[in-house]
Amino acid sequence: MAAPLLVWYDANRRVLPWREEVSPYRTWVSEIMLQQTRVAAVLPYFRRFMERYPTVEALAAGEEQELLKLWEGLGYYSRARNLQKTARIVAETYGGAFPADYKALTALPGIGDYTAGAILSMAFGVAVPAVDGNALRIISRVTGSRLDVLEAKNKKAFRAWTETALPMDRPGAFNQAMMDLGAGICLPGAAPRCGDCPLAHLCTARQEGTQALLPVRAPKKEKRIEEKTVFLLRREDGSVALRQREKTGLLAGLWEYPNTQRLLTEEQAAAQLAAWGLRPLRWEKSWRCRHIFTHVRWEMQGYAVTVAGEGELEWYPKERRQEMAVPSAFERANRILRELEGDQNGTALL
């Protein structure tokens, strides 16, 4: 398997900044960013991140709120917090150098089997597999496996299978080849480009015509639904109402627009403004949207209102808002705020 895969990779590999300049730090940051996120979305974030935090020591010394602001839009903010926790441990315990040891790496916050394998194979040249969703899909199809790829015991089996295929001389290239093959050729569902695949002659699923059935995944549980009404409130002086979320739980410590449970009508929303001690001057816009998290889905009704009064809310001018991390769950409100402030290019979001 390794020989044709690596020949294909050498001719078709994606040119990515963390591949062109390789270090354990850059590999680690890129892999954490790529969790649950597409490569195209990560590229500008990675470049900005490296400009601001070029070394593990710089990240360790950074302010959390600045880090979260830089991460704004990537989502899953616990990843950013774990990055800084790990950076501080590596700086203090290992003198700023990542350990080239599987157990030591997986003991660090936010580093599991896959990320440890990526760091060891790509940055240190150690023959350790890095089995992500792309690799699971390829392995399932090549072997024709009917094992549920989401079960922990089966993931261990797939990892052990990958170890037998891993070339000792180019483990990092093999792992990255699996990623690229899964991202561009061995696509999910009924869309794989089997005619372009270097492993087509080895693939059981292609021989059996079962590509669309593999990999096997148990049905996901239904997400819990929460209904919210989001208020984008501005005063005539340009200040906007924001509040900081609790330090624990979903979107911990980030900033949000005032919101309430339930989907409120405009009349009910006006009553809520009165309860906050505010008087509506202009109802600017209303919208409906949703945001999907891992285990919950937010259904949101939003109102953008210019108001009078201070009420019981906290108000922030644009200069202060530029330092605050507002998560992508509120992106619709962010976009409307840009429009209302005349920022068509989105360069001064908050």
# chains A, B, ... in the order shown; residues from 1 in each chain; ligands from 1
>>> residues_around(residues="Trp287 of chain A", least_positions_apart="6", cutoff="8 Å", atoms="only C-alpha atoms", output="number ranges by chain")
A: 301-303
>>> select_by_dssp(residues="segment 202-345 of chain A", states="strand (DSSP E)", output="NGL selection string")
:A and (224-235 or 240-241 or 243-244 or 255-256 or 259-261 or 279-292 or 296-308 or 315-316)
>>> residues_around(residues="Ala269 of chain A", least_positions_apart="4", cutoff="9 Å", atoms="only C-alpha atoms", output="list in words")
Thr229, Phe231, Leu264, Thr265, Leu273, Ala274 and Tyr303 of chain A
>>> residues_around(residues="Gly144 of chain A", least_positions_apart="3", cutoff="10 Å", atoms="only C-alpha atoms", output="list in words")
Ile138, Ile139, Ser140, Arg141, Leu147, Cys203, Thr204, Ala205, Arg206, Gln207, Glu208, Thr210, Gln211, Leu213, Leu214 and Pro215 of chain A
>>> write_last_selection(atoms="N, CA, C and O atoms", output="tab-separated table (two decimals), in the first residue's frame")
chain	number	residue	atom	x	y	z
A	138	ILE	N	-10.53	5.57	4.35
A	138	ILE	CA	-9.69	4.84	3.40
A	138	ILE	C	-9.49	3.40	3.85
A	138	ILE	O	-9.63	2.45	3.06
A	139	ILE	N	-9.15	3.22	5.12
A	139	ILE	CA	-8.90	1.88	5.64
A	139	ILE	C	-10.16	1.02	5.52
A	139	ILE	O	-10.09	-0.16	5.11
A	140	SER	N	-11.31	1.58	5.88
A	140	SER	CA	-12.56	0.84	5.80
A	140	SER	C	-12.82	0.36	4.38
A	140	SER	O	-13.23	-0.78	4.15
A	141	ARG	N	-12.59	1.22	3.41
A	141	ARG	CA	-12.87	0.86	2.02
A	141	ARG	C	-11.84	-0.11	1.45
A	141	ARG	O	-12.18	-1.07	0.76
A	147	LEU	N	-16.78	-2.74	10.36
A	147	LEU	CA	-16.71	-2.27	11.75
A	147	LEU	C	-17.14	-0.81	11.84
A	147	LEU	O	-16.80	0.00	10.97
A	203	CYS	N	-8.41	-1.95	-3.45
A	203	CYS	CA	-9.58	-1.55	-2.69
A	203	CYS	C	-10.72	-2.57	-2.79
A	203	CYS	O	-11.31	-2.77	-3.86
A	204	THR	N	-11.05	-3.17	-1.66
A	204	THR	CA	-12.15	-4.14	-1.60
A	204	THR	C	-13.48	-3.48	-1.90
A	204	THR	O	-14.32	-4.05	-2.61
A	205	ALA	N	-13.70	-2.27	-1.36
A	205	ALA	CA	-14.98	-1.59	-1.59
A	205	ALA	C	-15.20	-1.32	-3.07
A	205	ALA	O	-16.32	-1.45	-3.58
A	206	ARG	N	-14.15	-0.96	-3.80
A	206	ARG	CA	-14.30	-0.71	-5.23
A	206	ARG	C	-14.64	-2.01	-5.95
A	206	ARG	O	-15.49	-2.04	-6.85
A	207	GLN	N	-13.98	-3.08	-5.58
A	207	GLN	CA	-14.24	-4.37	-6.21
A	207	GLN	C	-15.68	-4.83	-5.96
A	207	GLN	O	-16.32	-5.43	-6.83
A	208	GLU	N	-16.20	-4.52	-4.77
A	208	GLU	CA	-17.55	-4.97	-4.39
A	208	GLU	C	-18.62	-3.93	-4.70
A	208	GLU	O	-19.82	-4.21	-4.56
A	210	THR	N	-19.13	-1.14	-2.97
A	210	THR	CA	-19.74	-0.74	-1.69
A	210	THR	C	-19.17	0.57	-1.16
A	210	THR	O	-19.26	0.85	0.04
A	211	GLN	N	-18.57	1.38	-2.03
A	211	GLN	CA	-17.95	2.63	-1.55
A	211	GLN	C	-18.92	3.50	-0.78
A	211	GLN	O	-18.56	4.09	0.25
A	213	LEU	N	-21.35	2.71	1.01
A	213	LEU	CA	-21.79	2.11	2.28
A	213	LEU	C	-20.72	2.18	3.36
A	213	LEU	O	-21.00	1.90	4.53
A	214	LEU	N	-19.51	2.53	2.96
A	214	LEU	CA	-18.39	2.53	3.90
A	214	LEU	C	-17.79	3.93	4.02
A	214	LEU	O	-17.76	4.68	3.04
A	215	PRO	N	-17.31	4.29	5.20
A	215	PRO	CA	-17.25	3.47	6.41
A	215	PRO	C	-18.61	3.36	7.12
A	215	PRO	O	-19.50	4.19	6.91
>>> closest_residue(among="A:Arg81, A:Leu136, A:Val56, A:Arg19", to="Thr248 of chain A", atoms="only C-alpha atoms")
A:Arg81
>>> residues_around(residues="segment 173-187 of chain A", least_positions_apart="2", cutoff="7 Å", atoms="only C-alpha atoms", output="VMD selection string")
chain A and resid 2 5 to 6 9 13 129 to 130 134 to 135 138 166 170 to 171 189 191 to 193 196 to 197
>>> write_last_selection(atoms="N, CA, C and O atoms", output="mmCIF file, in the first residue's frame")
data_model
loop_
_atom_site.group_PDB
_atom_site.id
_atom_site.type_symbol
_atom_site.label_atom_id
_atom_site.label_comp_id
_atom_site.auth_asym_id
_atom_site.auth_seq_id
_atom_site.Cartn_x
_atom_site.Cartn_y
_atom_site.Cartn_z
ATOM 1 N N ALA A 2 1.954 1.264 0.774
ATOM 2 C CA ALA A 2 2.738 2.484 0.950
ATOM 3 C C ALA A 2 3.364 2.973 -0.352
ATOM 4 O O ALA A 2 3.373 4.172 -0.634
ATOM 5 N N LEU A 5 0.978 4.756 -2.817
ATOM 6 C CA LEU A 5 0.440 5.930 -2.126
ATOM 7 C C LEU A 5 1.470 7.051 -2.088
ATOM 8 O O LEU A 5 1.157 8.219 -2.352
ATOM 9 N N LEU A 6 2.730 6.718 -1.792
ATOM 10 C CA LEU A 6 3.764 7.749 -1.694
ATOM 11 C C LEU A 6 4.146 8.305 -3.064
ATOM 12 O O LEU A 6 4.475 9.491 -3.187
ATOM 13 N N TYR A 9 1.492 10.744 -3.691
ATOM 14 C CA TYR A 9 1.630 11.907 -2.808
ATOM 15 C C TYR A 9 2.727 12.842 -3.301
ATOM 16 O O TYR A 9 2.554 14.066 -3.322
ATOM 17 N N ARG A 13 0.851 16.238 -3.678
ATOM 18 C CA ARG A 13 0.727 16.752 -2.311
ATOM 19 C C ARG A 13 0.286 18.212 -2.293
ATOM 20 O O ARG A 13 0.674 19.004 -3.151
ATOM 21 N N PRO A 129 1.353 5.933 13.606
ATOM 22 C CA PRO A 129 0.226 6.301 12.736
ATOM 23 C C PRO A 129 -0.525 7.519 13.258
ATOM 24 O O PRO A 129 -0.556 7.778 14.462
ATOM 25 N N ALA A 130 -1.147 8.258 12.335
ATOM 26 C CA ALA A 130 -2.032 9.373 12.674
ATOM 27 C C ALA A 130 -3.351 9.096 11.962
ATOM 28 O O ALA A 130 -3.504 9.397 10.782
ATOM 29 N N ASN A 134 -10.277 10.849 7.636
ATOM 30 C CA ASN A 134 -9.900 10.473 6.281
ATOM 31 C C ASN A 134 -9.273 9.087 6.253
ATOM 32 O O ASN A 134 -9.601 8.254 5.406
ATOM 33 N N ALA A 135 -8.347 8.841 7.182
ATOM 34 C CA ALA A 135 -7.683 7.541 7.228
ATOM 35 C C ALA A 135 -8.673 6.425 7.537
ATOM 36 O O ALA A 135 -8.599 5.337 6.955
ATOM 37 N N ILE A 138 -10.528 5.570 4.352
ATOM 38 C CA ILE A 138 -9.692 4.842 3.396
ATOM 39 C C ILE A 138 -9.493 3.402 3.848
ATOM 40 O O ILE A 138 -9.629 2.451 3.060
ATOM 41 N N LEU A 166 2.538 1.241 7.661
ATOM 42 C CA LEU A 166 3.346 2.455 7.798
ATOM 43 C C LEU A 166 4.803 2.190 7.415
ATOM 44 O O LEU A 166 5.458 1.316 7.990
ATOM 45 N N ARG A 170 9.435 6.828 5.824
ATOM 46 C CA ARG A 170 8.678 8.050 5.529
ATOM 47 C C ARG A 170 7.307 8.019 6.214
ATOM 48 O O ARG A 170 6.265 8.168 5.562
ATOM 49 N N PRO A 171 7.280 7.893 7.519
ATOM 50 C CA PRO A 171 5.983 7.801 8.201
ATOM 51 C C PRO A 171 5.169 9.086 8.103
ATOM 52 O O PRO A 171 3.950 9.047 7.956
ATOM 53 N N GLY A 189 -19.386 9.371 1.189
ATOM 54 C CA GLY A 189 -20.616 9.072 0.474
ATOM 55 C C GLY A 189 -20.364 8.406 -0.863
ATOM 56 O O GLY A 189 -19.464 7.575 -1.020
ATOM 57 N N ALA A 191 -19.332 9.797 -3.614
ATOM 58 C CA ALA A 191 -18.578 10.694 -4.487
ATOM 59 C C ALA A 191 -17.092 10.380 -4.625
ATOM 60 O O ALA A 191 -16.343 11.225 -5.103
ATOM 61 N N PRO A 192 -16.575 9.200 -4.230
ATOM 62 C CA PRO A 192 -15.130 8.977 -4.363
ATOM 63 C C PRO A 192 -14.688 8.956 -5.822
ATOM 64 O O PRO A 192 -15.418 8.484 -6.702
ATOM 65 N N ARG A 193 -13.504 9.493 -6.074
ATOM 66 C CA ARG A 193 -12.946 9.533 -7.431
ATOM 67 C C ARG A 193 -12.046 8.306 -7.620
ATOM 68 O O ARG A 193 -10.815 8.407 -7.679
ATOM 69 N N ASP A 196 -9.072 7.969 -10.077
ATOM 70 C CA ASP A 196 -7.827 8.711 -9.825
ATOM 71 C C ASP A 196 -7.070 8.182 -8.608
ATOM 72 O O ASP A 196 -6.040 8.757 -8.239
ATOM 73 N N CYS A 197 -7.557 7.126 -7.981
ATOM 74 C CA CYS A 197 -6.994 6.675 -6.703
ATOM 75 C C CYS A 197 -5.819 5.725 -6.914
ATOM 76 O O CYS A 197 -5.943 4.728 -7.639
#
>>> residues_around(residues="Pro317 of chain A", least_positions_apart="2", cutoff="8 Å", atoms="only C-alpha atoms", output="list in words")
Gly238, Ser239, Val240, Trp315, Glu319, Arg320 and Arg321 of chain A
>>> closest_residue(among="A:Ala325, A:Met1, A:Val15, A:Glu227", to="Glu163 of chain A", atoms="only C-alpha atoms")
A:Met1
>>> select_by_dssp(residues="segment 85-165 of chain A", states="alpha helix (DSSP H)", output="PyMOL selection string")
chain A and resi 85-93+102-106+113-118+133-143+152-165
>>> residues_around(residues="segment 45-55 of chain A", least_positions_apart="2", cutoff="12 Å", atoms="only C-alpha atoms", output="PyMOL selection string")
chain A and resi 16-18+21+23-34+37-43+57-63+66-75+80+83-84+87-88+90-91+95-98
